[in-house]
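Colleague: The structure that follows is given in the form of C-alpha cells.
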Amino acid sequence: MIGILGGGQLARMTALAAARLGFPCHVFCASADEPALDVCAARTVAAFDDCEALTRFAQSVAVVTLEWENVPLEALDIIAAITPVHPSASVLRVAQDRGLEKRFAREVGVGTADFAIVKSAEELQSAMERFTLPAILKSTRMGYDGRGQVTITAGMDAADAWAQMGSGEGILEAFVAFEQEVSVIVARREDGALTAYPPVRNVHRDHILAETHAPAALDPAVQKEATALASQLAMQLHVVGLLAVELFVLKEPNAKGQRVLMNEIAPRPHNSGHWTIDACPCSQFEMLVRCVAGLPLGSAVPHSQAVMHNILGQDIAKCQGYIADPSACLHLYGKKESRTGRKMGHVTFLKGKWD
Ligand SMILES: Nc1ncnc2c1ncn2[C@@H]1O[C@H](COP(=O)(O)OP(=O)(O)O)[C@@H](O)[C@H]1O
Ligand SMILES: [Mg+2]
C-alpha cells in the first residue's frame with residue numbers, strides 16, 4: 001500500500017498509475033469530496049495536525065509520497081518516524097519557501113532573478129529603491145497560481161503593496177523579460193539514478209497554467225542547459241520522487257552566460273507534466289510510483305509530440321467537443337463543483353511522432 005498526502009487531481013492520477021502497477025493507495029486528505037478518494041483503496045479524511053490519524057495512516061502503508069509541497073513538516077516528521085516518506089521533509093523545507101528555494105539554487109550554481117527578502121513595508125520600500133521597476137512582490141510561503149503576488153511599478157506605495165500581498169514575509173523579484181517559460185520534470189531514485197522528461201513550453205493565463213507544448217522549441221544548447229540545471233537541483237536536494245522545475249528562458253545570455261533561470265520548484269507531479277500520460281511510455285505519475293517503490297525508472301522518452309490544455313470551470317462546455325474528438329485524450333477529475341479558475345480536467349492532443 002502506498003500512502004499519498006493530499007487528495008486532489010495529482011493524487012488521483014498518482015493512484016491510477018499505482019493501480020496499473022498493482023499497488024493500492026491510501027489517500028490522506030482534509031475533506032471528503034476530494035478527487036483522489038474516488039480511485040483509492042483506503043482513505044483517511046482528517047486534518048494534517050491530527051497526530052492520531054497521521055500515525056494510523058503511516059502504520060497502514062509501506063511508503064508515503066505527496067501531491068502538495070505545503071504539507072506541514074510536523075506531519076511529515078510524525079509519519080517519517082514510522083515509514084519512509086519521499087520526498088523528505090528536508091526537500092519540502094526548501095520547496096515551501098521561495099526565499100530558501102532561490103538561495104539554494106544560487107548556492108548550487110543555478111541562476112535566478114535578482115531578489116530581496118523583505119519582512120516589512122519599510123524593508124520593501126528600501127528594496128524598491130534599489131531595484132529596477134517593475135518588479136514582483138510574492139509572499140515567500142503558500143503562494144500558487146499567482147496568489148499572494150503583486151506587480152510593483154514605479155511610484156507605487158510600499159505600504160499598499162505590502163498589505164495587498166497579505167501577511168508574513170515577502171520576496172521582491174526583479175522582473176525577468178523572458179523569451180519563453182519552460183519546465184523540466186526530473187525523476188530520481190533513492191540510489192541516485194535519475195532521468196528527466198524533455199523541456200516543455202508553458203503558457204499561463206491569469207497566472208494559471210493554460211497550455212503545455214511538448215517539446216519546447218529550443219536550441220539544443222538551451223535544451224541541454226535546462227535539463228542539466230533541473231537535474232543539478234534534484235541531485236543537490238537529494239529528491240526521491242519527482243522534481244518539477246519551472247524555468248525562464250532568456251533571449252540573450254545574462255552577464256554570467258546563463259540563458260536559463262530557475263523560477264520555482266515543486267517536488268511532486270506537476271500540471272505541466274500531464275501530457276506525459278498520453279505521450280510517453282511512462283507518465284510522470286507512474287515514474288513517481290516507481291521511484292518511491294524502489295522500482296527501475298521508466299522511459300521518459302516521448303513517443304509523440306503533444307499539446308495539453310487545462311480545462312477550467314469556465315471551459316467545461318468544451319468537453320462536449322473533446323469527448324467526440326478522436327485526437328483528444330480527455331481527463332476529468334470528477335470534482336463535484338465547477339468554479340471559474342478551478343482545474344476540472346485537462347485534454348491532451350497528440351501531434352505526431354516525437355523525433
Ligand atoms: N520574476 C519574474 N519575472 C517575470 N515573470 C514572473 C516572475 N515571477 C513570476 N512571473 C510570472 O508569474 C507566474 C507565476 O509565478 P510563480 O512564481 O511561478 O508563482 P506560482 O506559485 O503562482 O506559480 C510565472 O509563471 C511567470 O509567468
Ligand atoms: Mg509557478
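Chain labels follow the order of the C-alpha cells: the first chain is A, the next B, and so on; residue numbering restarts at 1 in every chain, and ligands are counted from 1 in their shown order.
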Need the shell around A:Glu211: protein/DNA/RNA residues with any atom at most 7 Å away, counting only C-alpha atoms. Skip same-chain ones fewer than 3 positions apart. Format as an mmCIF file with all heavy atoms, in the first residue's frame?
Modeller:
```
data_model
loop_
_atom_site.group_PDB
_atom_site.id
_atom_site.type_symbol
_atom_site.label_atom_id
_atom_site.label_comp_id
_atom_site.auth_asym_id
_atom_site.auth_seq_id
_atom_site.Cartn_x
_atom_site.Cartn_y
_atom_site.Cartn_z
ATOM 1 N N ASN A 202 5.435 26.337 -21.474
ATOM 2 C CA ASN A 202 4.186 26.580 -20.754
ATOM 3 C C ASN A 202 3.638 27.967 -21.047
ATOM 4 O O ASN A 202 4.380 28.940 -21.084
ATOM 5 C CB ASN A 202 4.403 26.430 -19.247
ATOM 6 C CG ASN A 202 4.838 25.021 -18.887
ATOM 7 O OD1 ASN A 202 4.296 24.058 -19.415
ATOM 8 N ND2 ASN A 202 5.823 24.898 -18.019
ATOM 9 N N VAL A 203 2.325 28.032 -21.247
ATOM 10 C CA VAL A 203 1.641 29.304 -21.450
ATOM 11 C C VAL A 203 0.678 29.504 -20.280
ATOM 12 O O VAL A 203 -0.143 28.626 -20.006
ATOM 13 C CB VAL A 203 0.835 29.285 -22.779
ATOM 14 C CG1 VAL A 203 0.129 30.617 -23.010
ATOM 15 C CG2 VAL A 203 1.742 28.926 -23.953
ATOM 16 N N HIS A 204 0.841 30.619 -19.573
ATOM 17 C CA HIS A 204 -0.038 30.920 -18.443
ATOM 18 C C HIS A 204 -1.075 31.957 -18.861
ATOM 19 O O HIS A 204 -0.766 32.856 -19.631
ATOM 20 C CB HIS A 204 0.774 31.472 -17.256
ATOM 21 C CG HIS A 204 1.708 30.466 -16.657
ATOM 22 N ND1 HIS A 204 2.988 30.258 -17.137
ATOM 23 C CD2 HIS A 204 1.547 29.600 -15.634
ATOM 24 C CE1 HIS A 204 3.571 29.305 -16.424
ATOM 25 N NE2 HIS A 204 2.722 28.879 -15.522
ATOM 26 N N VAL A 307 0.165 18.624 -27.140
ATOM 27 C CA VAL A 307 -0.234 19.904 -26.560
ATOM 28 C C VAL A 307 -1.315 19.619 -25.526
ATOM 29 O O VAL A 307 -2.281 18.914 -25.819
ATOM 30 C CB VAL A 307 -0.776 20.878 -27.632
ATOM 31 C CG1 VAL A 307 -1.247 22.179 -26.973
ATOM 32 C CG2 VAL A 307 0.292 21.175 -28.673
ATOM 33 N N MET A 308 -1.118 20.130 -24.323
ATOM 34 C CA MET A 308 -2.076 19.921 -23.239
ATOM 35 C C MET A 308 -2.790 21.232 -22.928
ATOM 36 O O MET A 308 -2.147 22.281 -22.852
ATOM 37 C CB MET A 308 -1.329 19.424 -21.990
ATOM 38 C CG MET A 308 -2.171 18.963 -20.824
ATOM 39 S SD MET A 308 -2.758 20.130 -19.557
ATOM 40 C CE MET A 308 -1.598 21.401 -19.370
ATOM 41 N N HIS A 309 -4.103 21.179 -22.821
ATOM 42 C CA HIS A 309 -4.882 22.347 -22.379
ATOM 43 C C HIS A 309 -5.535 22.016 -21.046
ATOM 44 O O HIS A 309 -6.178 20.969 -20.922
ATOM 45 C CB HIS A 309 -6.018 22.672 -23.363
ATOM 46 C CG HIS A 309 -5.557 23.101 -24.712
ATOM 47 N ND1 HIS A 309 -5.559 24.415 -25.115
ATOM 48 C CD2 HIS A 309 -5.087 22.390 -25.751
ATOM 49 C CE1 HIS A 309 -5.095 24.495 -26.360
ATOM 50 N NE2 HIS A 309 -4.800 23.281 -26.773
ATOM 51 N N ASN A 310 -5.418 22.912 -20.092
ATOM 52 C CA ASN A 310 -6.187 22.740 -18.862
ATOM 53 C C ASN A 310 -7.650 23.040 -19.141
ATOM 54 O O ASN A 310 -7.980 23.910 -19.955
ATOM 55 C CB ASN A 310 -5.678 23.702 -17.783
ATOM 56 C CG ASN A 310 -4.659 23.048 -16.875
ATOM 57 O OD1 ASN A 310 -4.586 21.821 -16.779
ATOM 58 N ND2 ASN A 310 -3.871 23.868 -16.207
#
```
Colleague: Produce as a list in words the set of residues near ligand 2, where near means within 7 Å with only C-alpha atoms and all ligand atoms considered.
Modeller: Tyr144, Asp145, Glu246 and Glu264 of chain A
Colleague: Of the residues A:Ser231, A:Ser167, A:Ser338, A:Ser272, which is the one nearest to ligand 1, using only C-alpha atoms and all ligand atoms?
Modeller: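 Answer, going by the shortest atom-to-atom distance: A:Ser272.
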Colleague: Could you please write out, as a list in words, every residue of stretch 126-166 of chain A that DSSP assigns to strand (DSSP E or B)?
Modeller: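 Of stretch 126-166 of chain A, the ones in strand (DSSP E or B) are Ala135, Ile136, Leu137, Lys138, Ser139, Arg141, Gln149, Val150, Thr151 and Ile152 of chain A.
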Colleague: Which residues are near ligand 1 in this structure, taking near to mean any atom at most 8 Å from a ligand atom and counting only C-alpha atoms and all ligand atoms? Format them as a CSV table (one decimal) with N, CA, C and O atoms, in the first residue's frame.
Modeller:
```csv
chain,number,residue,atom,x,y,z
A,113,ALA,N,16.2,35.1,-10.9
A,113,ALA,CA,16.0,36.5,-10.9
A,113,ALA,C,16.7,37.1,-9.7
A,113,ALA,O,16.8,36.4,-8.6
A,135,ALA,N,8.9,45.2,-10.7
A,135,ALA,CA,9.4,44.0,-10.0
A,135,ALA,C,8.2,43.3,-9.5
A,135,ALA,O,7.1,43.8,-9.6
A,136,ILE,N,8.4,42.1,-9.0
A,136,ILE,CA,7.2,41.3,-8.5
A,136,ILE,C,7.4,41.0,-7.0
A,136,ILE,O,8.5,40.5,-6.6
A,138,LYS,N,6.2,38.7,-4.0
A,138,LYS,CA,5.5,37.5,-3.7
A,138,LYS,C,5.6,37.2,-2.2
A,138,LYS,O,6.6,37.4,-1.6
A,142,MET,N,3.3,29.6,0.6
A,142,MET,CA,1.9,29.3,0.4
A,142,MET,C,1.3,29.9,-0.9
A,142,MET,O,0.1,29.8,-1.1
A,143,GLY,N,2.1,30.4,-1.8
A,143,GLY,CA,1.5,31.0,-3.0
A,143,GLY,C,1.3,29.9,-4.1
A,143,GLY,O,2.1,29.0,-4.1
A,144,TYR,N,0.3,30.1,-4.9
A,144,TYR,CA,0.2,29.2,-6.1
A,144,TYR,C,-0.8,29.9,-7.0
A,144,TYR,O,-1.6,30.8,-6.6
A,145,ASP,N,-0.7,29.6,-8.3
A,145,ASP,CA,-1.5,30.2,-9.4
A,145,ASP,C,-1.5,31.7,-9.2
A,145,ASP,O,-2.6,32.4,-9.4
A,146,GLY,N,-0.4,32.3,-8.9
A,146,GLY,CA,-0.3,33.8,-8.8
A,146,GLY,C,-0.8,34.4,-7.5
A,146,GLY,O,-0.8,35.6,-7.4
A,147,ARG,N,-1.3,33.6,-6.6
A,147,ARG,CA,-1.9,34.2,-5.4
A,147,ARG,C,-0.8,34.7,-4.5
A,147,ARG,O,0.3,34.1,-4.4
A,148,GLY,N,-1.1,35.8,-3.8
A,148,GLY,CA,0.0,36.4,-3.0
A,148,GLY,C,1.0,37.2,-3.8
A,148,GLY,O,2.1,37.4,-3.3
A,149,GLN,N,0.7,37.5,-5.0
A,149,GLN,CA,1.7,38.3,-5.8
A,149,GLN,C,1.2,39.6,-6.2
A,149,GLN,O,0.1,39.8,-6.6
A,173,GLU,N,11.2,40.3,-6.4
A,173,GLU,CA,12.0,39.7,-7.5
A,173,GLU,C,12.1,40.7,-8.7
A,173,GLU,O,11.0,41.3,-9.1
A,174,ALA,N,13.2,40.8,-9.3
A,174,ALA,CA,13.4,41.6,-10.5
A,174,ALA,C,12.5,40.9,-11.6
A,174,ALA,O,12.4,39.7,-11.6
A,175,PHE,N,11.9,41.7,-12.4
A,175,PHE,CA,11.1,41.2,-13.5
A,175,PHE,C,12.0,40.6,-14.6
A,175,PHE,O,12.9,41.3,-15.0
A,176,VAL,N,11.7,39.4,-14.9
A,176,VAL,CA,12.6,38.7,-16.0
A,176,VAL,C,11.8,38.8,-17.3
A,176,VAL,O,10.7,38.4,-17.5
A,177,ALA,N,12.5,39.5,-18.3
A,177,ALA,CA,11.9,39.6,-19.6
A,177,ALA,C,12.2,38.4,-20.4
A,177,ALA,O,13.1,38.3,-21.2
A,178,PHE,N,11.5,37.3,-20.0
A,178,PHE,CA,11.8,36.0,-20.6
A,178,PHE,C,11.3,35.9,-22.1
A,178,PHE,O,10.3,36.5,-22.5
A,181,GLU,N,8.6,30.5,-21.1
A,181,GLU,CA,8.7,29.8,-19.9
A,181,GLU,C,8.6,28.3,-20.2
A,181,GLU,O,7.8,27.8,-21.0
A,203,VAL,N,2.3,28.0,-21.2
A,203,VAL,CA,1.6,29.3,-21.4
A,203,VAL,C,0.7,29.5,-20.3
A,203,VAL,O,-0.1,28.6,-20.0
A,204,HIS,N,0.8,30.6,-19.6
A,204,HIS,CA,0.0,30.9,-18.4
A,204,HIS,C,-1.1,32.0,-18.9
A,204,HIS,O,-0.8,32.9,-19.6
A,207,HIS,N,-2.2,33.9,-14.6
A,207,HIS,CA,-1.3,33.3,-13.6
A,207,HIS,C,-1.6,31.8,-13.5
A,207,HIS,O,-1.0,31.1,-12.6
A,208,ILE,N,-2.5,31.2,-14.3
A,208,ILE,CA,-2.8,29.8,-14.2
A,208,ILE,C,-2.3,29.1,-15.4
A,208,ILE,O,-2.5,29.7,-16.5
A,209,LEU,N,-1.7,28.0,-15.3
A,209,LEU,CA,-1.2,27.3,-16.5
A,209,LEU,C,-2.4,27.0,-17.4
A,209,LEU,O,-3.4,26.5,-17.0
A,246,GLU,N,10.3,24.9,-12.8
A,246,GLU,CA,9.8,26.0,-13.7
A,246,GLU,C,11.0,26.9,-14.0
A,246,GLU,O,11.7,27.4,-13.1
A,263,ASN,N,12.7,29.5,-11.9
A,263,ASN,CA,11.7,30.3,-11.3
A,263,ASN,C,11.3,29.7,-10.0
A,263,ASN,O,11.4,30.3,-8.9
A,264,GLU,N,10.7,28.5,-10.1
A,264,GLU,CA,10.4,27.8,-8.8
A,264,GLU,C,10.4,26.3,-9.0
A,264,GLU,O,10.5,25.8,-10.1
```
Colleague: Would you please extract all helix (DSSP H, G or I) residues from stretch 14-180 of chain A, as assigned by DSSP on the backbone, and give them as a ChimeraX atom specification?
Modeller: /A:14-20,35-39,51-59,73-80,89-95,98-107,121-130,158-165
Colleague: Considering only C-alpha atoms, state which residue in the set A:Leu242, A:Leu10, A:Met235, A:Ile316 is at the smallest distance from A:Arg268.
Modeller: A:Leu242
Colleague: Which residues are near A:Leu330? Cut-off 9 Å, only C-alpha atoms, ignore same chain within fewer than 4 positions. Put them as a PDB file with N, CA and C atoms, in the first residue's frame.
Modeller:
```
ATOM      1  N   CYS A 319     -15.917  20.294 -23.179  1.00  0.00           N
ATOM      2  CA  CYS A 319     -15.763  18.837 -23.063  1.00  0.00           C
ATOM      3  C   CYS A 319     -16.653  18.090 -24.050  1.00  0.00           C
ATOM      4  N   TYR A 322     -14.506  17.825 -26.981  1.00  0.00           N
ATOM      5  CA  TYR A 322     -13.335  16.969 -26.740  1.00  0.00           C
ATOM      6  C   TYR A 322     -13.716  15.487 -26.726  1.00  0.00           C
ATOM      7  N   ILE A 323     -14.852  15.171 -26.112  1.00  0.00           N
ATOM      8  CA  ILE A 323     -15.210  13.764 -25.945  1.00  0.00           C
ATOM      9  C   ILE A 323     -15.531  13.136 -27.310  1.00  0.00           C
ATOM     10  N   GLY A 345     -10.168  19.480 -15.260  1.00  0.00           N
ATOM     11  CA  GLY A 345      -9.625  18.378 -16.042  1.00  0.00           C
ATOM     12  C   GLY A 345      -8.587  18.922 -17.001  1.00  0.00           C
ATOM     13  N   HIS A 346      -8.122  18.070 -17.894  1.00  0.00           N
ATOM     14  CA  HIS A 346      -7.231  18.547 -18.948  1.00  0.00           C
ATOM     15  C   HIS A 346      -7.432  17.679 -20.180  1.00  0.00           C
ATOM     16  N   VAL A 347      -6.978  18.195 -21.309  1.00  0.00           N
ATOM     17  CA  VAL A 347      -7.082  17.422 -22.545  1.00  0.00           C
ATOM     18  C   VAL A 347      -5.732  17.485 -23.253  1.00  0.00           C
ATOM     19  N   THR A 348      -5.294  16.347 -23.749  1.00  0.00           N
ATOM     20  CA  THR A 348      -4.015  16.295 -24.454  1.00  0.00           C
ATOM     21  C   THR A 348      -4.271  15.911 -25.906  1.00  0.00           C
ATOM     22  N   PHE A 349      -3.715  16.706 -26.809  1.00  0.00           N
ATOM     23  CA  PHE A 349      -3.781  16.404 -28.237  1.00  0.00           C
ATOM     24  C   PHE A 349      -2.428  15.867 -28.672  1.00  0.00           C
TER      25      PHE A 349
END
```
Colleague: To one decimal in Å, tell me the separation between atom CA of A:Met1 and atom CA of A:Pro296.
Modeller: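 Computed distance, atom CA of A:Met1 to atom CA of A:Pro296, equals 18.1 Å.
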Colleague: Which one is closest to A:Asp219: A:Ser183, A:Val260, A:Gly273, A:Glu190? Count only C-alpha atoms.
Modeller: A:Val260
Colleague: So what do you get for atom CA of A:Gln125 versus atom CA of A:Asp157, distance-wise?
Modeller: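 A separation of 8.1 Å between them.
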Colleague: Could you pull the residues within 7 Å of A:Arg188, counting only C-alpha atoms, minus those fewer than 6 positions along the same chain, as a list in words?
Modeller: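 Here the answer would be Leu194, Thr195, Val239, Val240, Gly241, Leu242 and Cys291 of chain A.
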Colleague: Keeping N, CA and C atoms for every residue in the selection just given, could you write it to a file as a short mmCIF file (atom, residue, chain, number, x, y, z; two decimals), in the first residue's frame?
Modeller:
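Below is the file that was written, part.cif:
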```cif
data_model
loop_
_atom_site.label_atom_id
_atom_site.label_comp_id
_atom_site.auth_asym_id
_atom_site.auth_seq_id
_atom_site.Cartn_x
_atom_site.Cartn_y
_atom_site.Cartn_z
N LEU A 194 18.72 8.72 -12.10
CA LEU A 194 17.95 9.93 -12.40
C LEU A 194 17.58 9.95 -13.88
N THR A 195 16.40 10.48 -14.19
CA THR A 195 16.04 10.69 -15.58
C THR A 195 15.21 11.97 -15.66
N VAL A 239 16.42 14.67 -3.88
CA VAL A 239 15.00 14.36 -4.03
C VAL A 239 14.84 12.87 -4.34
N VAL A 240 13.89 12.22 -3.68
CA VAL A 240 13.47 10.90 -4.13
C VAL A 240 12.03 11.07 -4.59
N GLY A 241 11.80 10.77 -5.88
CA GLY A 241 10.49 11.04 -6.48
C GLY A 241 10.68 12.01 -7.63
N LEU A 242 9.79 12.99 -7.72
CA LEU A 242 9.85 13.94 -8.84
C LEU A 242 10.29 15.32 -8.36
N CYS A 291 9.71 5.44 -8.46
CA CYS A 291 10.77 5.98 -7.59
C CYS A 291 10.52 5.65 -6.13
#
```
Colleague: What's the separation between atom CA of A:His274 and atom CA of A:Lys343, in Å to one decimal place?
Modeller: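 Interatomic distance here is 12.6 Å.
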Colleague: Can you pull out every residue within 12 Å of stretch 353-355 of chain A, counting only C-alpha atoms, but drop anything in the same chain fewer than 6 positions away, and send it as JSON, numbers by chain?
Modeller: {"A": [198, 214, 215, 216, 279, 280, 301, 302, 303, 304, 305, 306]}
Colleague: For C-alpha atoms, I'd like the residues from the last selection saved as a compact mmCIF listing (two decimals), in the first residue's frame.
Modeller:
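The resulting file, out.txt, is shown below:
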```txt
# COMPACT_ATOMS: atom_id res chain seq x y z
CA PRO A 198 12.38 16.86 -22.17
CA ALA A 214 5.83 19.31 -25.83
CA PRO A 215 8.54 19.70 -26.88
CA ALA A 216 9.53 23.31 -26.25
CA ALA A 279 2.69 10.84 -24.97
CA CYS A 280 5.31 8.87 -23.01
CA VAL A 301 11.47 9.45 -23.91
CA PRO A 302 8.18 10.56 -25.52
CA HIS A 303 6.71 8.69 -28.46
CA SER A 304 4.52 11.64 -29.53
CA GLN A 305 4.57 15.40 -29.57
CA ALA A 306 1.68 16.81 -27.58
```
Colleague: Which residues come within 7 Å of A:Gly3, counting only C-alpha atoms, excluding same-chain residues fewer than 6 positions away, as a list in words?
Modeller: Cys25, His26, Val27, Val61, Val63, Val64 and Thr65 of chain A
Colleague: Using only C-alpha atoms, which of the listed residues (A:Gly170, A:Gly7, A:Pro24, A:Pro84) sits closest to A:Ala46?
Modeller: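 Ranked by minimum distance to A:Ala46, first place goes to A:Gly7.
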Colleague: Please provide the set of residues having any atom within 9 Å of A:Leu133, restricted to only C-alpha atoms, with same-chain residues fewer than 4 positions apart removed, written as JSON, numbers by chain.
Modeller: {"A": [128, 129, 152, 153, 154, 174, 175]}
Colleague: If you keep all heavy atoms, can you produce a file of those selected residues as a PDB file, in the first residue's frame?
Modeller:
```
ATOM      1  N   MET A 128      12.608  48.478  -2.986  1.00  0.00           N
ATOM      2  CA  MET A 128      12.066  49.105  -4.199  1.00  0.00           C
ATOM      3  C   MET A 128      12.995  50.194  -4.721  1.00  0.00           C
ATOM      4  O   MET A 128      13.095  50.416  -5.922  1.00  0.00           O
ATOM      5  CB  MET A 128      10.670  49.692  -3.927  1.00  0.00           C
ATOM      6  CG  MET A 128       9.567  48.645  -3.912  1.00  0.00           C
ATOM      7  SD  MET A 128       8.005  49.258  -3.197  1.00  0.00           S
ATOM      8  CE  MET A 128       7.522  50.526  -4.350  1.00  0.00           C
ATOM      9  N   GLU A 129      13.685  50.873  -3.796  1.00  0.00           N
ATOM     10  CA  GLU A 129      14.607  51.938  -4.203  1.00  0.00           C
ATOM     11  C   GLU A 129      15.859  51.363  -4.879  1.00  0.00           C
ATOM     12  O   GLU A 129      16.458  52.014  -5.726  1.00  0.00           O
ATOM     13  CB  GLU A 129      14.974  52.803  -2.977  1.00  0.00           C
ATOM     14  CG  GLU A 129      13.822  53.728  -2.592  1.00  0.00           C
ATOM     15  CD  GLU A 129      13.871  54.212  -1.140  1.00  0.00           C
ATOM     16  OE1 GLU A 129      14.942  54.069  -0.497  1.00  0.00           O
ATOM     17  OE2 GLU A 129      12.840  54.720  -0.657  1.00  0.00           O
ATOM     18  N   ILE A 152       5.003  45.369  -8.768  1.00  0.00           N
ATOM     19  CA  ILE A 152       5.404  46.651  -8.191  1.00  0.00           C
ATOM     20  C   ILE A 152       5.884  47.564  -9.320  1.00  0.00           C
ATOM     21  O   ILE A 152       6.841  47.238 -10.019  1.00  0.00           O
ATOM     22  CB  ILE A 152       6.573  46.452  -7.196  1.00  0.00           C
ATOM     23  CG1 ILE A 152       6.214  45.396  -6.142  1.00  0.00           C
ATOM     24  CG2 ILE A 152       6.980  47.772  -6.575  1.00  0.00           C
ATOM     25  CD1 ILE A 152       5.228  45.833  -5.106  1.00  0.00           C
ATOM     26  N   THR A 153       5.181  48.682  -9.484  1.00  0.00           N
ATOM     27  CA  THR A 153       5.577  49.634 -10.527  1.00  0.00           C
ATOM     28  C   THR A 153       6.092  50.916  -9.863  1.00  0.00           C
ATOM     29  O   THR A 153       5.860  51.128  -8.669  1.00  0.00           O
ATOM     30  CB  THR A 153       4.381  49.959 -11.446  1.00  0.00           C
ATOM     31  OG1 THR A 153       3.262  50.283 -10.611  1.00  0.00           O
ATOM     32  CG2 THR A 153       4.005  48.761 -12.299  1.00  0.00           C
ATOM     33  N   ALA A 154       6.759  51.742 -10.664  1.00  0.00           N
ATOM     34  CA  ALA A 154       7.344  52.980 -10.127  1.00  0.00           C
ATOM     35  C   ALA A 154       6.245  53.851  -9.510  1.00  0.00           C
ATOM     36  O   ALA A 154       5.142  53.948 -10.058  1.00  0.00           O
ATOM     37  CB  ALA A 154       8.060  53.735 -11.244  1.00  0.00           C
ATOM     38  N   ALA A 174      13.235  40.817  -9.250  1.00  0.00           N
ATOM     39  CA  ALA A 174      13.368  41.588 -10.483  1.00  0.00           C
ATOM     40  C   ALA A 174      12.523  40.929 -11.562  1.00  0.00           C
ATOM     41  O   ALA A 174      12.410  39.699 -11.609  1.00  0.00           O
ATOM     42  CB  ALA A 174      14.829  41.623 -10.923  1.00  0.00           C
ATOM     43  N   PHE A 175      11.903  41.741 -12.393  1.00  0.00           N
ATOM     44  CA  PHE A 175      11.082  41.221 -13.478  1.00  0.00           C
ATOM     45  C   PHE A 175      12.000  40.638 -14.559  1.00  0.00           C
ATOM     46  O   PHE A 175      12.929  41.291 -15.014  1.00  0.00           O
ATOM     47  CB  PHE A 175      10.227  42.355 -14.057  1.00  0.00           C
ATOM     48  CG  PHE A 175       9.206  41.871 -15.028  1.00  0.00           C
ATOM     49  CD1 PHE A 175       7.988  41.371 -14.576  1.00  0.00           C
ATOM     50  CD2 PHE A 175       9.471  41.891 -16.396  1.00  0.00           C
ATOM     51  CE1 PHE A 175       7.046  40.901 -15.480  1.00  0.00           C
ATOM     52  CE2 PHE A 175       8.530  41.411 -17.298  1.00  0.00           C
ATOM     53  CZ  PHE A 175       7.320  40.924 -16.845  1.00  0.00           C
TER      54      PHE A 175
END
```
